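Q: Handing you this structure, nothing more for now.
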Amino acid sequence: MDGFVDGGDARIRLSIVAPCYNEAEGLSEFCRRARAAAEAAAGDAFEIILVDDGSSDDTWGVISRLAADIPQVLGVKLLRNHGHQLAATSGLAVARGERVLLIDADLQDPPELLTEMMAIMDRGADVVYGQRSERKGETKFKLITASVFYRLLTRLASISIPQDTGDFRLMKARIVHILLNMPERHRFIRGMVSWIGGRQVALRYTRDARYAGSTKYPLKKMIRFAIDAITSFSIIPLRISAWMGLISAVFAVGLLIYTLVQWFDGNVITGWSSIMAAISALSAIQLIALGTLGEYVGRLVQEHKRRPMFMIDCVVQGEVTSELSDDFSELDTASRRSELGRLSAVKPAETRAHR
C-alpha cells in the first residue's frame, strides 16, 4: 500500500490506538495479536495506530517496518515524550474508525477481548471498558497502592469513575469526538470518558503480566498521575484545606482564651515545647493548604498558556512518511479528517524521508 487509507473512500469500521514508549521488544507480537483480533472483528476494514511517544530505543524503527509490511498499520511519531495520556490523545485524534479501541502495547490487556467488546457494543453500548478482576505479574505494593488510589478517587471525584479500570476500552466515534473536543492539557482519559456519559458497560477480565520490557509507571509517575486524576475531577482537597484552616482558627481562638484566663488567675506556665509543637502543627496545616491551592493554580496557569496539546513529527503508512500541519492537535474533527485525507494523495517521492 503506497498511501494512507482515505476515510472518504474506504469505510474504516475499527481503529486500534496503542501508545508506545520503549516497547521495541514486544511491539511485533502486539501487532500480530492486535491484527488477528481486528480481522476477526472487522475483516479488512480496520487500522492499527501505533504512537511512538519519544522512545529512546528502536520503537520507531519497529513501527516503520510494521507499517511497510502491514497495510493497516499507521505509525505516529511525536516530537518528544508527552506522557501516556497525551500520546493516547494524539492517536485518538488520528483515528478514523467508526469504533476505536484504546489499548496499551505491553499486552497486559489482551487484544483478543475485542470480539467480545464489539458484540457488547452491537447491543447498544457507547463504551465498553475493561475492568480488572485479577492483575498478574504485579507486586503487592503496586496492587495495594492501585486499590487505595481507585477507592480514594471514587470518594473524592465529582463523577462516578469505575474502580479497577484503566484506559483499555472500546468507544464509538461519537464518544471519541467529544473526548477530543475537551480542551484540558492535564488529561485523565478514563475519568473524562466517564464524565461524557452514555451507556458504558464493563467487561471483567484478567490482566496479564507484561509480555516484555519493564513498567513505564514507576512510583514517581504513579503519584503524579494520581494527583492529575484527583485535581481534574474533584475540588474536595480545596474544601479539606478550608476546613483544616477553620478548625485551626477555632483551636487558636480557644487557646488564646485559655491563655488569658490563666494569666488573669496568675498561672503563668513556661512551656516552650508545647508552644513549638503548636506552632509546628499550625505551620504544617498552612503549608498543606498552600500546597493544595498551588496545585490547582498551577494547573490553571498551564491550561491558560494554550500550548499545543501534542506535537506530531511525522506519520508513516506503507512506504509513505509524511508530516501533518503544526497545529493538528488544535484542529476540529472535520479539519483533522481533511488533513488525513490530503495525505492519502501524497506519493512516496513527495514526502520527507525520516527513516
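Each chain of the C-alpha cells is named A, B, ... in the order shown, its residues numbered from 1; ligands are numbered from 1 in display order.
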Neighbouring residues of A:Thr333 were defined as those with any atom within 10 Å, considering only C-alpha atoms; residues of the same chain fewer than 4 positions away were excluded. Please report them as a list of chain:residue names.

A: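 The neighbour list is A:Ala93, A:Val94, A:Arg96, A:Val176, A:His177, A:Ile178, A:Leu180, A:Asn181, A:Arg337, A:Ser338, A:Glu339.
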
Q: Could you state the separation of atom CA of A:Leu107 and atom CA of A:Phe30 in Å, given to one decimal place?

A: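 Computing it gives 6.3 Å between the two atoms.
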
Q: Quick one: distance from atom CA of A:Leu179 to atom CA of A:Tyr296 in Å, one decimal?

A: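 Value for the atom CA of A:Leu179-atom CA of A:Tyr296 distance: 21.8 Å.
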
Q: From the set A:Val51, A:Ile175, A:Leu102, A:Ile247, which residue has the shortest atom-to-atom contact distance to A:Leu114, counting only C-alpha atoms?

A: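 Using only C-alpha atoms, the shortest distance to A:Leu114 belongs to A:Leu102.
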
Q: Can you pull out every residue from stretch 59-212 of chain A that DSSP, working from the backbone, puts in strand (DSSP E or B), and format the result as a ChimeraX atom specification?

A: /A:73-78,99-102,127-135,165-172,200-207

Q: Can you tell me, as an MDAnalysis selection string, what residues are no more than 12 Å from A:Ser28 when counting only C-alpha atoms, ignoring any on the same chain fewer than 6 positions away?

A: chainID A and resid 20 34:35 50 58:67 69:70 73 105:107 211:212

Q: Run DSSP on the backbone and tell me which residues of stretch 53-197 of chain A come out as alpha helix (DSSP H); list them as a ChimeraX atom specification.

A: /A:59-69,84-94,114-122,140-156,173-180,189-196

Q: Considering only C-alpha atoms, state which residue in the set A:Ile103, A:Met171, A:Ile257, A:Ile285 is at the smallest distance from A:Arg13.

A: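 Checking each of A:Ile103, A:Met171, A:Ile257, A:Ile285 against A:Arg13, counting only C-alpha atoms, the winner is A:Met171.
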
Q: Within 8 Å of A:Arg80, counting only C-alpha atoms, which residues show up once you throw out same-chain ones fewer than 4 positions away? Write them as JSON, numbers by chain, please.

A: {"A": [53, 54, 311]}

Q: Show me, as a ChimeraX atom specification, the residues that have an atom within 8 Å of A:Asp126 when counting only C-alpha atoms, minus same-chain residues fewer than 4 positions from it.

A: /A:121,171-172,175,198-200

Q: So how many Å separate atom CA of A:Ala88 and atom CA of A:Ala202, to one decimal?

A: 20.5 Å

Q: With only C-alpha atoms as the counted atoms, please give the residues lying no more than 7 Å from A:Ile48, apart from itself and same-chain residues fewer than 6 positions off, as a compact mmCIF listing (two decimals) with N, CA and C atoms, in the first residue's frame.

A:
# COMPACT_ATOMS: atom_id res chain seq x y z
N SER A 15 -10.66 1.31 14.58
CA SER A 15 -9.30 1.82 14.79
C SER A 15 -8.79 1.28 16.12
N ILE A 16 -7.56 0.77 16.12
CA ILE A 16 -6.90 0.35 17.35
C ILE A 16 -5.77 1.33 17.61
N VAL A 17 -5.82 2.00 18.75
CA VAL A 17 -4.83 3.02 19.12
C VAL A 17 -3.98 2.50 20.27
N GLN A 72 -2.54 -1.97 7.08
CA GLN A 72 -3.42 -1.30 8.04
C GLN A 72 -2.68 -0.59 9.17
N VAL A 73 -1.37 -0.71 9.24
CA VAL A 73 -0.62 -0.08 10.33
C VAL A 73 -0.28 1.37 9.97
N LEU A 74 -0.61 2.27 10.86
CA LEU A 74 -0.28 3.69 10.73
C LEU A 74 0.60 4.08 11.91
